[in-house]
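This report refers to the structure that appears directly beneath it.
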Amino acid sequence: MTPAELSATVLAAIRSTVDAGELALPADVLASLEVTVERPKNRDHGDYATNVALQLAKPAGRPPRAVAELIAPRLAEIAGIESADVAGPGFINVTLDVAVQGELARTIVLAGAEYGHTDTFAGQKINLEFISANPTGPIHIGGVRWAAVGDSLARILRASGASVTSEYYINDAGTQIDKFAASLYAAAQGKPAPEDGYVGEYIKEIADRIVGEHPDVTALPEGEQLEVFREEGLQLMTDQIKQSTEDFGTHFDVWFSEKSLHESGAVEKALDRLREQGHVFEKDGAVWLRTTDFGDDRDRVLVRSNGEKTYFASDAAYFLDKRDRGFSPAIYLLGADHHGYVGRLKAIVACAGADPDKDIEVLIGQFVKMLKDGEEVRMSKRAGNIITIDDVVEWIGVDAARYALVRQSTDSNITLDIDLLTRQSTDNPVYYIQYAHARMCSVRRNAAEMGIDKGPAEDFDPGLLRHEKENDLLGKLGEFPLVIAKAGELREAHRVARYLEELAGVYHRFYDECRILPKGDIELPPELTRARLWLAEATQTVIANGLELLGVSAPERM
RNA sequence: GCGCCCGUAGCUCAACGGAUAGAGCAUUUGACUACGGAUCAAAAGGUUGUAGGUUCGAAUCCUAUCGGGCGCACCA
């Protein structure tokens with residue numbers, strides 16, 4: 001019995017208690033009631049515990065324990081439930097029959113890669129935009145965090161049934177691109193970089209490549225040269241970013257060009273649509289959007305008095321484009337330096353007649369801080385000390401990098417010690433998880449050599465899995481679908497990572513105490529060996545499925 | 001000044017408003033005739049920054065305050 005099935009069972013028991021006239025509950029309370037069951041930390045509290053009686057105490061007008069005393073006996077009568085006891089302030093602790101619990105192993109193995117997937121977000125069409133760093137340089141360590149988190153979030157939401165389009169917004173219009181072109185031009189000419197230009201080593205490399213492919217370029221008039229450097233540089237830089245993210249296991253379904261919004265007239269059209277909604281006005285020769293109507297702290301300029309459209313105008317056009325493509329919500333994953341954008345983005349949505357509470361979500365992630373020799377490293381493109389996504393991959397590999405970045409809540413600043421990273425230290429918990437997976441694979445290899453396998457599904461006897469460590473493991477395996485759904489609902493990918501660490505721990509402890517294969521004078525009933533092979537394979541399945549959600553490999557050997 | 005995020009073990013971090021706040025690293029001590037020791041067992045480590053409040057129950061919610069990070073453009 002899975003936790004979800006148990007929740008439904010508890011709900012049914014409550015309904016029948018109400019139907020029998022033993023418990024009075026307002027109809028709306030009963031209709032909207034969500035029963036949660038959880039694995040108690042203390043195993044004296046049964047296999048699962050629910051606090052539903054505590055929640056119902058007030059609407060029922062009865063003490064929580066009294067409510068629990070009504071529900072528990074009905075649960076205890078249900079087939080598969082060994083006992084249901086009232087404890088503490090009114091928790092109901094449920095213990096399942098061993099075989100009912102063990103059945104989960106067969107369920108998981110048969111479901112395979114599908115286990116953990118639910119239809120929680122079925123029907124939702126979600127747009128998930130992340131990184132979207134300017135194509136004027138390689139993705140640095142800050143962007144890498146979003147590459148790991150955003151990509152994992154996309155996978156998690158898909159696993160819970162959502163249709164997700166991952167998207168990278170390329171800021172290929174505007175003055176920063178002019179500066180980029182001018183910087184390339186200067187580098188090619190051997191001149192010092194322009195003021196406020198881009199300086200890194202990569203500028204020289206790109207300039208050299210362009211000159212290599214267009215030997216005549218330096219002979220052209222300056223204006224034409226700038227045009228070549230702009231177009232070619234943009235292309236090369238974008239290609240590099242695409243390559244880097246793909247190498248990192250992060251895939252974008254859509255690469256969206258800001259320039260295309262201008263060229264297609266989408267920005268103009270967006271301005272018209274906002275005008276129709278009545279939130280556009282003119283002042284001091286500029287065109288403004290009255291975002292203060294919707295909680296922004298000041299109104300924003302759409303078209304400057306010199307006639308140039310602002311970045312904000314293309315932001316508005318971009319959101320409308322997403323909306324026209326049918327997404328709700330459009331999720332933006334932004335760095336902490338952009339949190340001031342939340343208000344204005346929401347205001348765009350409201351001004352466009354959409355619902356800022358439903359059609360857009362802005363997730364703010366905190367920065368990655370770096371330590372070297374015990375001191376914080378301040379990156380600056382000017383100082384040429386930027387650490388890129390490719391550097392990180394080269395040092396520790398994709399698995400360790402993605403894991404280190406995704407295992408922590410994006411609400412927290414994280415600190416990465418570069419010395420530790422470059423030393424490829426094995427204290428990264430990702431190895432603990434991968435090792436559990438590799439260990440299971442090794443057991444299966446050994447079993448195969450001994451001519452043993454888990455046997456056909458109909459011969460699996462779930463009632464044999466009665467060891468305490470087996471019970472722990474089964475309980476943890478059962479949580480997986482809920483963890484994924486919760487991580488998706490809260491947009492918190494790190495929950496999956498933390499869960500896998502717990503699961504790997506429970507597996508290692510099971511492995512330590514419960515021998516799977518016979519050896520020498522260790523006697524093991526063949527049917528127990530087979531049952532444990534089912535359990536171990538179920539664990540392997542869940543670890544592999546979980547790592548897949550994080551974009552981390554599940555190696556068969558390490 | 002206004003706004004967003006954070007403050008939990010020596011360090012890095014967890015904890016749908018739930019029962020005795022948990023892991024890893026580091027420290028101390030055990031288990032190598034190993035189904036892979038990249039493991040396991042155990043010890044030690046905490047007034048959840050501080051002070052109030054809300055309730056059956058607060059690390060979590062509210063208020064104040066202290067400390068840290070990041071923002072407050074006709075820049076992109």
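The chains in the structure tokens are called A, B, ... from first to last as shown; in each chain the residues are counted from 1, and the ligands are counted from 1 in the order shown.
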Given a cut-off of 6 Å, which residues of chain B touch chain A, counting only C-alpha atoms (C1' of nucleotides), written out as a PyMOL selection string? chain B and resi 6+35+70-71+74
Run DSSP on the backbone and tell me which residues of range 320-525 of chain A come out as helix (DSSP H, G or I); list them as a count of residues only. 112
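DSSP secondary structure from the backbone places Ile360, Glu361, Val362, Leu363, Ile364, Gly365, Val368, Lys369, Met370, Leu371, Lys372, Glu375, Glu376, Val377, Ile414, Thr415, Leu416 and Asp417 of chain A of range 348-430 of chain A in strand (DSSP E).
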Residue neighbourhood range 23-32 of chain B, 8 Å, only C-alpha atoms (C1' of nucleotides), exclusion window fewer than 6 positions, as a PyMOL selection string: (chain A and resi 427+429) or (chain B and resi 10-12+14+40-44)
Could you tell me how far CA of Glu129 in chain A lies from CA of Ala330 in chain A, in Å and to one decimal? 7.7 Å
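You will find CA of Ser553 in chain A at 9.0 Å from CA of Val398 in chain A.
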